[in-house]
$ cat upload_3.txt   # compact mmCIF, C-alpha atoms and all ligand atoms
# COMPACT_ATOMS: atom_id res chain seq x y z
CA MET A 1 0.00 0.00 0.00
CA SER A 2 1.16 3.59 -0.07
CA LEU A 3 1.49 6.88 1.71
CA ILE A 4 -1.36 9.29 1.11
CA ARG A 5 0.44 12.22 2.71
CA SER A 6 2.46 13.24 5.74
CA TYR A 7 1.54 16.39 7.68
CA ALA A 8 3.59 18.08 10.38
CA VAL A 9 1.64 20.14 12.89
CA TRP A 10 4.22 22.82 13.51
CA ASN A 11 4.75 26.34 14.70
CA ASN A 12 7.96 27.40 16.39
CA LYS A 13 5.83 29.08 19.04
CA GLY A 14 4.95 27.08 22.13
CA GLY A 15 1.51 26.38 23.50
CA VAL A 16 -0.48 27.23 20.37
CA GLY A 17 -2.33 23.89 20.37
CA LYS A 18 -0.09 21.64 18.24
CA SER A 19 -0.52 18.54 20.40
CA THR A 20 -4.23 19.08 21.05
CA ILE A 21 -4.87 19.52 17.33
CA SER A 22 -2.67 16.51 16.47
CA PHE A 23 -4.71 14.38 18.86
CA HIS A 24 -8.15 15.46 17.63
CA LEU A 25 -7.16 15.47 13.99
CA ALA A 26 -5.67 11.97 14.13
CA ALA A 27 -8.54 10.54 16.18
CA ARG A 28 -11.18 12.01 13.87
CA LEU A 29 -9.30 11.07 10.68
CA ALA A 30 -9.07 7.47 11.86
CA GLU A 31 -12.75 7.49 12.83
CA THR A 32 -14.03 8.97 9.57
CA ARG A 33 -11.65 7.10 7.22
CA PRO A 34 -11.82 3.48 8.32
CA ASN A 35 -10.08 2.34 5.13
CA VAL A 36 -6.95 4.31 5.97
CA ASN A 37 -4.35 3.75 8.68
CA VAL A 38 -3.40 6.89 10.55
CA LEU A 39 0.09 7.06 12.06
CA VAL A 40 1.01 9.74 14.58
CA ILE A 41 4.74 10.34 14.96
CA ASP A 42 5.34 12.22 18.17
CA ALA A 43 8.57 14.09 17.58
CA CYS A 44 8.23 16.17 20.75
CA PRO A 45 10.03 15.03 23.93
CA GLN A 46 7.10 16.36 25.98
CA ALA A 47 5.10 13.48 24.42
CA ASN A 48 1.82 15.34 25.00
CA ALA A 49 0.09 14.00 21.90
CA SER A 50 1.15 10.46 22.89
CA MET A 51 -0.32 10.92 26.37
CA LEU A 52 -3.64 12.09 24.93
CA LEU A 53 -3.78 9.23 22.43
CA LEU A 54 -2.87 6.61 25.01
CA GLY A 55 -5.75 7.50 27.31
CA GLY A 56 -5.17 11.09 28.47
CA GLY A 57 -4.59 12.26 32.04
CA THR A 58 -2.62 10.01 34.38
CA THR A 59 -3.55 6.90 32.35
CA GLY A 60 -1.94 8.33 29.22
CA GLU A 61 1.10 9.42 31.19
CA ALA A 62 1.55 5.93 32.69
CA ASN A 63 1.16 4.29 29.28
CA VAL A 64 3.78 6.55 27.72
CA LEU A 65 6.15 5.84 30.60
CA SER A 66 5.70 2.09 30.21
CA LEU A 67 6.72 2.32 26.52
CA CYS A 68 9.67 4.63 27.24
CA THR A 69 11.12 2.44 29.99
CA GLN A 70 11.33 -0.81 28.03
CA ALA A 71 14.92 -2.01 27.47
CA SER A 72 14.52 -1.19 23.80
CA PRO A 73 11.94 1.59 24.09
CA ARG A 74 8.88 1.18 21.90
CA THR A 75 9.17 4.86 21.03
CA ILE A 76 10.79 7.27 18.65
CA VAL A 77 13.95 7.10 20.80
CA GLY A 78 14.04 3.30 20.47
CA TYR A 79 13.71 3.56 16.70
CA LEU A 80 16.28 6.33 16.24
CA SER A 81 18.77 4.60 18.55
CA GLN A 82 18.56 1.34 16.67
CA VAL A 83 18.83 2.88 13.20
CA ILE A 84 21.66 5.26 14.10
CA ALA A 85 23.59 2.52 15.95
CA ALA A 86 23.29 0.20 12.93
CA GLY A 87 24.73 2.88 10.66
CA ALA A 88 23.88 4.26 7.24
CA GLY A 89 22.95 1.62 4.68
CA ALA A 90 22.16 -1.11 7.27
CA ALA A 91 18.84 -2.94 6.91
CA LEU A 92 16.09 -1.07 8.73
CA PRO A 93 14.48 -2.73 11.77
CA ASP A 94 10.83 -3.81 11.61
CA PRO A 95 9.04 -0.48 12.15
CA MET A 96 6.09 -2.18 13.81
CA SER A 97 8.28 -3.26 16.72
CA PHE A 98 8.47 0.44 17.60
CA VAL A 99 4.97 1.53 16.61
CA THR A 100 2.02 1.01 18.97
CA GLN A 101 -1.55 0.30 17.96
CA VAL A 102 -3.33 2.93 20.03
CA ALA A 103 -6.47 0.84 20.70
CA GLN A 104 -4.32 -1.70 22.60
CA HIS A 105 -3.98 0.94 25.31
CA ASN A 106 -7.01 3.14 24.72
CA ALA A 107 -10.18 1.34 23.64
CA LYS A 108 -11.91 4.68 23.04
CA LEU A 109 -9.99 5.12 19.80
CA THR A 110 -10.28 3.11 16.60
CA ASP A 111 -8.01 0.22 15.62
CA ASN A 112 -6.64 1.98 12.50
CA LEU A 113 -4.77 4.51 14.63
CA PHE A 114 -1.03 3.95 15.27
CA LEU A 115 1.59 5.85 17.24
CA LEU A 116 5.34 6.17 17.26
CA CYS A 117 5.32 7.30 20.85
CA GLY A 118 7.13 10.42 22.03
CA ASP A 119 9.88 9.97 24.57
CA GLY A 120 11.46 12.40 27.04
CA ASN A 121 14.82 10.76 26.41
CA MET A 122 14.89 12.44 23.02
CA GLU A 123 16.17 15.50 24.84
CA PRO A 124 19.36 13.85 26.22
CA MET A 125 19.66 11.92 22.95
CA ALA A 126 19.55 15.05 20.78
CA PRO A 127 23.33 15.76 20.89
CA ALA A 128 23.98 12.19 19.71
CA ILE A 129 21.59 12.65 16.77
CA SER A 130 23.20 16.00 15.90
CA GLY A 131 26.65 14.41 16.23
CA ALA A 132 25.71 11.63 13.81
CA ALA A 133 24.38 14.24 11.33
CA ALA A 134 27.58 16.30 11.65
CA ALA A 135 29.91 13.30 11.19
CA PRO A 136 32.44 13.75 8.39
CA ALA A 137 31.53 12.11 5.11
CA LEU A 138 34.17 9.36 4.84
CA THR A 139 33.34 8.41 1.27
CA PRO A 140 32.04 10.51 -1.61
CA GLN A 141 28.73 8.64 -1.41
CA SER A 142 28.07 9.00 2.29
CA GLN A 143 26.01 11.98 3.34
CA PRO A 144 25.54 11.78 7.11
CA TRP A 145 23.47 14.97 7.34
CA ARG A 146 21.05 13.79 4.68
CA TRP A 147 20.86 10.25 6.06
CA ILE A 148 19.99 11.42 9.58
CA HIS A 149 17.51 14.03 8.41
CA LEU A 150 15.65 11.49 6.31
CA ILE A 151 15.38 8.86 9.06
CA LEU A 152 11.71 9.53 9.87
CA ARG A 153 10.90 9.91 6.19
CA GLY A 154 12.49 6.45 5.70
CA LEU A 155 10.35 5.01 8.50
CA ILE A 156 7.20 6.40 6.88
CA ASP A 157 8.17 4.99 3.47
CA ASN A 158 8.99 1.63 5.01
CA ILE A 159 5.65 1.38 6.82
CA SER A 160 3.50 2.65 3.99
CA GLN A 161 5.15 0.45 1.37
CA ASN A 162 5.45 -2.76 3.37
CA ILE A 163 2.36 -3.03 5.58
CA PRO A 164 -0.15 -4.45 3.15
CA THR A 165 -3.42 -3.56 4.88
CA ARG A 166 -4.36 0.01 4.04
CA ASP A 167 -2.97 3.30 2.76
CA TRP A 168 -1.42 5.58 5.37
CA LEU A 169 -1.89 9.15 6.49
CA VAL A 170 0.80 10.47 8.80
CA ILE A 171 0.54 13.28 11.37
CA LEU A 172 3.76 14.48 13.02
CA ASP A 173 3.49 16.44 16.25
CA THR A 174 6.45 18.72 16.86
CA ASN A 175 8.27 20.66 19.55
CA PRO A 176 8.37 24.45 19.32
CA SER A 177 12.17 24.58 19.49
CA PHE A 178 13.89 24.07 16.15
CA SER A 179 16.02 21.25 17.54
CA ILE A 180 17.45 18.36 15.58
CA TYR A 181 14.31 16.28 16.25
CA THR A 182 12.12 19.08 14.88
CA GLU A 183 14.31 19.16 11.77
CA LEU A 184 13.79 15.41 11.36
CA ALA A 185 10.01 15.85 11.66
CA ILE A 186 9.94 18.75 9.18
CA SER A 187 12.07 16.73 6.74
CA ALA A 188 9.55 13.87 6.96
CA ALA A 189 6.52 16.04 6.19
CA ASP A 190 4.97 16.73 2.80
CA ARG A 191 2.85 19.53 4.18
CA LEU A 192 2.50 21.78 7.23
CA ILE A 193 -0.53 22.45 9.38
CA VAL A 194 0.32 25.60 11.33
CA PRO A 195 -1.70 26.47 14.44
CA VAL A 196 -1.62 30.12 15.43
CA ASN A 197 -3.23 32.18 18.15
CA ALA A 198 -4.81 35.56 17.59
CA ASP A 199 -2.04 37.50 19.30
CA ASP A 200 0.91 39.54 18.16
CA SER A 201 3.55 36.94 18.94
CA SER A 202 1.88 34.67 16.41
CA ARG A 203 2.71 37.20 13.71
CA VAL A 204 6.33 37.32 14.86
CA ALA A 205 6.47 33.51 14.96
CA THR A 206 5.07 33.40 11.44
CA ASN A 207 8.00 35.45 10.14
CA ALA A 208 10.44 33.24 12.05
CA MET A 209 8.84 30.17 10.49
CA PHE A 210 9.69 31.30 6.95
CA ILE A 211 13.27 32.08 7.96
CA LEU A 212 13.71 28.64 9.54
CA LEU A 213 12.28 26.86 6.51
CA HIS A 214 13.70 28.95 3.70
CA GLY A 215 16.51 31.07 5.13
CA GLN A 216 17.01 34.78 5.51
CA THR A 217 17.56 37.16 2.61
CA PRO A 218 20.38 38.06 2.46
CA PRO A 219 21.86 35.18 4.50
CA HIS A 220 23.90 36.10 7.55
CA PRO A 221 27.62 36.03 6.57
CA VAL A 222 28.50 33.60 9.39
CA TYR A 223 25.41 31.72 10.54
CA GLY A 224 23.69 31.72 7.13
CA SER A 225 25.53 28.60 6.00
CA TRP A 226 24.79 26.72 9.23
CA THR A 227 21.03 26.91 8.99
CA PHE A 228 18.65 24.05 8.34
CA ALA A 229 17.31 25.97 5.33
CA THR A 230 20.73 26.18 3.64
CA ARG A 231 21.71 22.62 4.48
CA ALA A 232 18.38 21.21 3.34
CA GLN A 233 18.90 22.96 0.00
CA THR A 234 22.50 21.70 -0.25
CA HIS A 235 21.44 18.14 0.54
CA ASN A 236 18.43 18.25 -1.73
CA ILE A 237 15.88 17.71 1.01
CA GLY A 238 12.49 19.20 0.17
CA VAL A 239 10.94 21.58 2.68
CA PRO A 240 7.19 21.04 3.26
CA GLN A 241 4.69 23.60 2.04
CA ILE A 242 2.19 25.34 4.31
CA HIS A 243 -1.15 23.72 3.66
CA VAL A 244 -3.41 25.31 6.21
CA VAL A 245 -3.11 27.77 9.09
CA VAL A 246 -5.39 26.94 12.00
CA GLY A 247 -6.62 29.82 14.15
CA ASN A 248 -6.80 28.16 17.54
CA ARG A 249 -8.21 29.37 20.87
CA LEU A 250 -9.81 32.33 19.18
CA THR A 251 -12.52 32.71 21.77
CA GLN A 252 -9.83 33.24 24.40
CA TYR A 253 -9.38 36.74 22.99
CA GLU A 254 -12.64 37.57 21.34
CA GLY A 255 -15.40 35.94 23.38
CA ALA A 256 -17.60 33.16 22.11
CA ALA A 257 -20.22 35.42 20.57
CA THR A 258 -17.89 37.85 18.82
CA ALA A 259 -17.51 37.85 15.06
CA PHE A 260 -14.03 36.65 14.25
CA SER A 261 -11.76 35.32 11.56
CA ALA A 262 -9.19 32.55 11.82
CA LEU A 263 -6.23 34.92 11.62
CA SER A 264 -5.56 38.26 13.22
CA ASP A 265 -5.16 41.01 10.61
CA ALA A 266 -1.44 41.26 11.36
CA THR A 267 -0.83 37.52 10.95
CA ALA A 268 -2.96 37.37 7.81
CA ASP A 269 -1.02 40.31 6.29
CA THR A 270 2.32 38.65 7.09
CA LEU A 271 1.25 35.33 5.58
CA PHE A 272 -0.31 36.96 2.53
CA ALA A 273 2.85 38.99 1.88
CA ALA A 274 4.87 35.75 1.99
CA TYR A 275 2.34 34.11 -0.33
CA GLN A 276 2.58 36.96 -2.83
CA SER A 277 6.36 36.93 -2.94
CA HIS A 278 6.78 33.14 -2.69
CA PRO A 279 3.60 31.28 -3.63
CA GLN A 280 5.67 28.07 -3.73
CA TYR A 281 5.90 28.20 0.08
CA PHE A 282 2.22 27.19 0.12
CA THR A 283 0.37 24.23 -1.37
CA PRO A 284 -1.38 25.24 -4.59
CA ARG A 285 -5.12 25.85 -4.82
CA PRO A 286 -7.25 25.76 -7.99
CA ALA A 287 -7.21 29.57 -8.14
CA THR A 288 -4.61 32.11 -7.05
CA SER A 289 -5.51 34.17 -3.97
CA ALA A 290 -5.59 37.72 -5.31
CA THR A 291 -6.51 39.43 -2.06
CA VAL A 292 -5.89 38.84 1.62
CA THR A 293 -9.58 37.86 1.92
CA ASP A 294 -9.13 35.17 -0.74
CA PHE A 295 -6.01 34.04 1.06
CA ARG A 296 -7.83 33.73 4.39
CA ASP A 297 -10.60 31.75 2.70
CA ASN A 298 -8.19 29.41 0.96
CA TYR A 299 -5.56 28.85 3.61
CA SER A 300 -7.02 29.34 7.08
CA VAL A 301 -9.46 27.46 9.26
CA PRO A 302 -10.84 28.73 12.56
CA LEU A 303 -11.17 26.38 15.50
CA ARG A 304 -13.35 28.84 17.33
CA ASP A 305 -15.35 26.43 19.42
CA PHE A 306 -12.57 24.03 20.15
CA ASN A 307 -12.85 24.87 23.83
CA THR A 308 -14.01 23.03 26.95
CA ALA A 309 -15.50 20.12 25.01
CA GLY A 310 -12.26 19.65 23.06
CA VAL A 311 -10.02 20.01 26.09
CA VAL A 312 -12.05 17.54 28.20
CA ALA A 313 -12.23 15.01 25.34
CA ALA A 314 -8.45 15.21 24.92
CA HIS A 315 -7.91 14.90 28.66
CA LEU A 316 -9.92 11.68 28.59
CA GLY A 317 -8.26 10.41 25.40
CA GLN A 318 -11.72 10.32 23.91
CA ARG A 319 -13.14 11.13 20.48
CA LEU A 320 -15.40 14.18 20.37
CA SER A 321 -18.11 12.09 18.74
CA GLN A 322 -18.20 9.94 21.89
CA MET A 323 -18.87 12.92 24.16
CA GLY A 324 -22.46 13.48 25.20
CA GLY A 325 -23.64 16.49 27.19
CA GLY A 326 -23.22 16.19 30.96
CA TYR A 327 -20.61 16.26 33.68
CA TYR A 328 -17.09 14.89 33.31
CA GLN A 329 -14.44 14.32 35.95
CA VAL A 330 -11.22 16.25 35.19
CA HIS A 331 -8.46 16.63 37.80
CA GLY A 332 -10.97 15.78 40.52
CA GLN A 333 -13.39 18.47 39.35
CA GLN A 334 -16.78 18.13 37.71
CA VAL A 335 -16.76 19.92 34.34
CA GLN A 336 -20.02 20.48 32.53
CA ILE A 337 -20.13 19.93 28.78
CA ASN A 338 -22.99 21.17 26.69
CA SER A 339 -23.78 18.86 23.76
CA ALA A 340 -24.25 21.87 21.45
CA ARG A 341 -20.61 22.79 22.18
CA VAL A 342 -19.52 19.27 21.27
CA THR A 343 -21.31 19.56 17.94
CA GLU A 344 -19.71 22.95 17.26
CA CYS A 345 -16.35 21.45 18.11
CA ILE A 346 -16.86 18.51 15.72
CA ASN A 347 -18.00 20.89 12.97
CA ALA A 348 -14.89 23.01 13.43
CA LEU A 349 -12.70 19.92 13.28
CA ASN A 350 -14.49 18.67 10.18
CA ALA A 351 -13.57 21.87 8.34
CA LEU A 352 -9.91 21.08 9.01
CA LEU A 353 -10.41 17.42 8.14
CA ALA A 354 -11.90 18.36 4.78
CA MET A 355 -8.53 19.91 3.88
CA VAL A 356 -6.53 16.80 4.72
CA ASP A 357 -6.18 14.75 1.55
N1 LIG B 1 -8.82 25.41 21.34
C1 LIG B 1 -8.43 25.38 22.60
N2 LIG B 1 -9.25 25.86 23.56
C2 LIG B 1 -8.88 25.84 24.85
N3 LIG B 1 -7.70 25.36 25.28
C3 LIG B 1 -6.85 24.87 24.37
C4 LIG B 1 -7.16 24.85 22.98
N4 LIG B 1 -6.13 24.31 22.32
C5 LIG B 1 -5.21 24.02 23.24
N5 LIG B 1 -5.64 24.34 24.47
C6 LIG B 1 -4.92 24.18 25.72
O1 LIG B 1 -3.74 24.96 25.62
C7 LIG B 1 -2.64 24.28 26.20
C8 LIG B 1 -1.54 24.12 25.17
O2 LIG B 1 -2.03 23.27 24.15
P1 LIG B 1 -1.06 22.21 23.46
O3 LIG B 1 -0.32 21.43 24.48
O4 LIG B 1 -1.86 21.47 22.47
O5 LIG B 1 -0.07 23.24 22.74
P2 LIG B 1 1.30 22.91 21.99
O6 LIG B 1 1.41 23.86 20.87
O7 LIG B 1 1.37 21.46 21.67
O8 LIG B 1 2.35 23.25 23.13
P3 LIG B 1 3.94 22.97 23.09
O9 LIG B 1 4.52 24.05 22.22
O10 LIG B 1 4.36 23.07 24.52
O11 LIG B 1 4.13 21.60 22.50
C9 LIG B 1 -3.19 22.94 26.72
O12 LIG B 1 -3.49 23.08 28.08
C10 LIG B 1 -4.47 22.73 25.93
O13 LIG B 1 -5.42 21.98 26.65
MG MG B 2 2.84 20.07 22.18

$ encode --input "upload_3.txt" --output "structure tokens"
Amino acid sequence: MSLIRSYAVWNNKGGVGKSTISFHLAARLAETRPNVNVLVIDACPQANASMLLLGGGTTGEANVLSLCTQASPRTIVGYLSQVIAAGAGAALPDPMSFVTQVAQHNAKLTDNLFLLCGDGNMEPMAPAISGAAAAPALTPQSQPWRWIHLILRGLIDNISQNIPTRDWLVILDTNPSFSIYTELAISAADRLIVPVNADDSSRVATNAMFILLHGQTPPHPVYGSWTFATRAQTHNIGVPQIHVVVGNRLTQYEGAATAFSALSDATADTLFAAYQSHPQYFTPRPATSATVTDFRDNYSVPLRDFNTAGVVAAHLGQRLSQMGGGYYQVHGQQVQINSARVTECINALNALLAMVD
């Protein structure tokens, strides 16, 4: 079977909802597309998306810990350790000995959902990964930087080509720092889903995102050649295009009843300016976006009502469609969920889902 597409949920700003969106998107994709396998690769050492998928709350945390503490961890760290230790060109290990079928730990999610679990040991391991990427090329053919950066891409290809059940969709959750493991995740993605908040720092982060992916013009005389952007170009590694920008937690600033758009004016202007000068940074649409309004319509999705219902569902590792109205126990407190809010939340998520092809 084959890979349909790989998406990284990324913004180099922290706390914008990457892991929450990764969880809901993956759970709903798996639910609504039973003929597809969905793989989440958790490339963030905080492993938040893994915790949500594996049951949420303390259950999810305990499940993640049990995978991380195995002698050969059934996690991204286990996989990277084995592949890097074996060296470039060695046969790859069976990917499914590192991937977990989510339903084995969390019966609330469907059996076509898989996880390469996040692992806090990725943090102490990061210098070893960077060291392997920076190793001198001992033969003209060897390209350590390229080999290391394509490790997760290789895992995705291996799984999607060799597991004969269904086609695969891949969601990569990322860390906000542009560390080596974030570079690996970005290098494995065909497309980017970029969550933003409606504040000013989201506009600043948006500018930083283009510099990280494509470099600064003109490049800095010293650091310019060290950047991921320059090295990716040198090593012929494609950089993913922005597919959709998700305005998350909008009601935090505007109030539930206020008219709103997915992007603040400042963020929309910044993105539209980048689109006008470099349309190739974005996935193509049938028609060019001539105005910032067209651009917002074509490239942004609001998750306005992704509030209490979405947060409680994630905390319980539960699909939104399984949430009825009523009271739920979260951190020892009773939280009331209104079923109309759940429906709004599902509708908001469906708009994002419709863009994932
Ligand atoms: N739409 C939303 N409405 C309300 N709360 C939200 C929403 N999205 C995320 N949150 C909350 O905001 C916090 C940060 O979300 P999340 O962990 O998904 O962000 P992140 O971008 O993955 O963070 P990090 O950069 O640390 O990885 C969490 O407590 C989450 O429950
Ligand atoms: Mg996160």

$ residues_near_ligand --input "upload_3.txt" --ligand "ligand LIG 1 (chain B)" --cutoff "9 Å" --atoms "all atoms listed in the file" --output "MDAnalysis selection string"
chainID A and resid 9:23 44:49 173:177 195:196 247:252 303:312 314:315

$ closest_atom_pairs --input "upload_3.txt" --of "segment 22-60 of chain A" --to "segment 166-170 of chain A" --cutoff "12 Å" --atoms "only C-alpha atoms" --output "CSV"
residue,atom,partner,partner_atom,distance
A:Ser22,CA,A:Val170,CA,10.4
A:Leu25,CA,A:Val170,CA,10.7
A:Ala26,CA,A:Val170,CA,8.5
A:Ala27,CA,A:Leu169,CA,11.8
A:Leu29,CA,A:Leu169,CA,8.7
A:Ala30,CA,A:Leu169,CA,9.1
A:Arg33,CA,A:Leu169,CA,10.0
A:Pro34,CA,A:Arg166,CA,9.3
A:Asn35,CA,A:Arg166,CA,6.3
A:Val36,CA,A:Asp167,CA,5.2
A:Asn37,CA,A:Trp168,CA,4.8
A:Val38,CA,A:Leu169,CA,4.9
A:Leu39,CA,A:Val170,CA,4.8
A:Val40,CA,A:Val170,CA,5.8
A:Ile41,CA,A:Val170,CA,7.3
A:Asp42,CA,A:Val170,CA,10.6

$ write_last_selection --input "upload_3.txt" --atoms "C-alpha atoms" --output "PDB file, in the frame of the given file"
ATOM      1  CA  SER A  22      -2.670  16.510  16.470  1.00  0.00           C
ATOM      2  CA  LEU A  25      -7.160  15.470  13.990  1.00  0.00           C
ATOM      3  CA  ALA A  26      -5.670  11.970  14.130  1.00  0.00           C
ATOM      4  CA  ALA A  27      -8.540  10.540  16.180  1.00  0.00           C
ATOM      5  CA  LEU A  29      -9.300  11.070  10.680  1.00  0.00           C
ATOM      6  CA  ALA A  30      -9.070   7.470  11.860  1.00  0.00           C
ATOM      7  CA  ARG A  33     -11.650   7.100   7.220  1.00  0.00           C
ATOM      8  CA  PRO A  34     -11.820   3.480   8.320  1.00  0.00           C
ATOM      9  CA  ASN A  35     -10.080   2.340   5.130  1.00  0.00           C
ATOM     10  CA  VAL A  36      -6.950   4.310   5.970  1.00  0.00           C
ATOM     11  CA  ASN A  37      -4.350   3.750   8.680  1.00  0.00           C
ATOM     12  CA  VAL A  38      -3.400   6.890  10.550  1.00  0.00           C
ATOM     13  CA  LEU A  39       0.090   7.060  12.060  1.00  0.00           C
ATOM     14  CA  VAL A  40       1.010   9.740  14.580  1.00  0.00           C
ATOM     15  CA  ILE A  41       4.740  10.340  14.960  1.00  0.00           C
ATOM     16  CA  ASP A  42       5.340  12.220  18.170  1.00  0.00           C
TER      17      ASP A  42
END

$ atom_distance --input "upload_3.txt" --atom1 "atom CA of Gln143 of chain A" --atom2 "atom CA of Ile163 of chain A"
28.1 Å

$ residues_around --input "upload_3.txt" --residues "segment 338-341 of chain A" --least-positions-apart "2" --cutoff "7 Å" --atoms "all atoms listed in the file" --output "list in words"
Asp305, Ala309, Gly324, Gly325, Gly326, Gln336, Thr343, Glu344 and Cys345 of chain A

$ residues_around --input "upload_3.txt" --residues "Met323 of chain A" --least-positions-apart "4" --cutoff "9 Å" --atoms "all atoms listed in the file" --output "compact mmCIF listing (two decimals) with C-alpha atoms, in the coordinates of the input"
# COMPACT_ATOMS: atom_id res chain seq x y z
CA ALA A 309 -15.50 20.12 25.01
CA ALA A 313 -12.23 15.01 25.34
CA GLN A 318 -11.72 10.32 23.91
CA ARG A 319 -13.14 11.13 20.48
CA ILE A 337 -20.13 19.93 28.78
CA SER A 339 -23.78 18.86 23.76
CA VAL A 342 -19.52 19.27 21.27

$ decode --input "upload_3.txt" --residues "segment 83-103 of chain A" --atoms "N, CA and C atoms" --output "CSV table (one decimal), in the first residue's frame"
chain,number,residue,atom,x,y,z
A,83,VAL,N,18.4,2.6,14.6
A,83,VAL,CA,18.8,2.9,13.2
A,83,VAL,C,20.2,3.6,13.2
A,84,ILE,N,20.4,4.5,14.1
A,84,ILE,CA,21.7,5.3,14.1
A,84,ILE,C,22.8,4.3,14.5
A,85,ALA,N,22.5,3.4,15.5
A,85,ALA,CA,23.6,2.5,15.9
A,85,ALA,C,24.0,1.5,14.8
A,86,ALA,N,23.0,1.1,14.0
A,86,ALA,CA,23.3,0.2,12.9
A,86,ALA,C,24.1,0.9,11.8
A,87,GLY,N,23.9,2.2,11.7
A,87,GLY,CA,24.7,2.9,10.7
A,87,GLY,C,24.0,3.0,9.3
A,88,ALA,N,24.5,4.0,8.5
A,88,ALA,CA,23.9,4.3,7.2
A,88,ALA,C,24.0,3.0,6.3
A,89,GLY,N,22.9,2.7,5.6
A,89,GLY,CA,22.9,1.6,4.7
A,89,GLY,C,22.6,0.3,5.3
A,90,ALA,N,22.5,0.2,6.6
A,90,ALA,CA,22.2,-1.1,7.3
A,90,ALA,C,20.7,-1.4,7.0
A,91,ALA,N,20.3,-2.6,7.1
A,91,ALA,CA,18.8,-2.9,6.9
A,91,ALA,C,18.1,-2.3,8.0
A,92,LEU,N,16.9,-1.7,7.7
A,92,LEU,CA,16.1,-1.1,8.7
A,92,LEU,C,15.4,-2.1,9.6
A,93,PRO,N,15.2,-1.8,10.9
A,93,PRO,CA,14.5,-2.7,11.8
A,93,PRO,C,13.0,-2.7,11.4
A,94,ASP,N,12.3,-3.8,11.9
A,94,ASP,CA,10.8,-3.8,11.6
A,94,ASP,C,10.2,-2.6,12.3
A,95,PRO,N,9.6,-1.7,11.5
A,95,PRO,CA,9.0,-0.5,12.1
A,95,PRO,C,7.9,-0.8,13.2
A,96,MET,N,7.2,-1.9,12.9
A,96,MET,CA,6.1,-2.2,13.8
A,96,MET,C,6.6,-2.7,15.2
A,97,SER,N,7.9,-3.0,15.4
A,97,SER,CA,8.3,-3.3,16.7
A,97,SER,C,8.5,-2.0,17.5
A,98,PHE,N,8.4,-0.8,16.9
A,98,PHE,CA,8.5,0.4,17.6
A,98,PHE,C,7.2,1.2,17.6
A,99,VAL,N,6.3,0.8,16.7
A,99,VAL,CA,5.0,1.5,16.6
A,99,VAL,C,3.9,0.8,17.5
A,100,THR,N,3.1,1.6,18.1
A,100,THR,CA,2.0,1.0,19.0
A,100,THR,C,0.6,1.2,18.3
A,101,GLN,N,-0.1,0.1,18.4
A,101,GLN,CA,-1.6,0.3,18.0
A,101,GLN,C,-2.3,0.9,19.1
A,102,VAL,N,-2.8,2.1,18.9
A,102,VAL,CA,-3.3,2.9,20.0
A,102,VAL,C,-4.4,2.2,20.8
A,103,ALA,N,-5.3,1.5,20.1
A,103,ALA,CA,-6.5,0.8,20.7
A,103,ALA,C,-6.0,-0.2,21.7
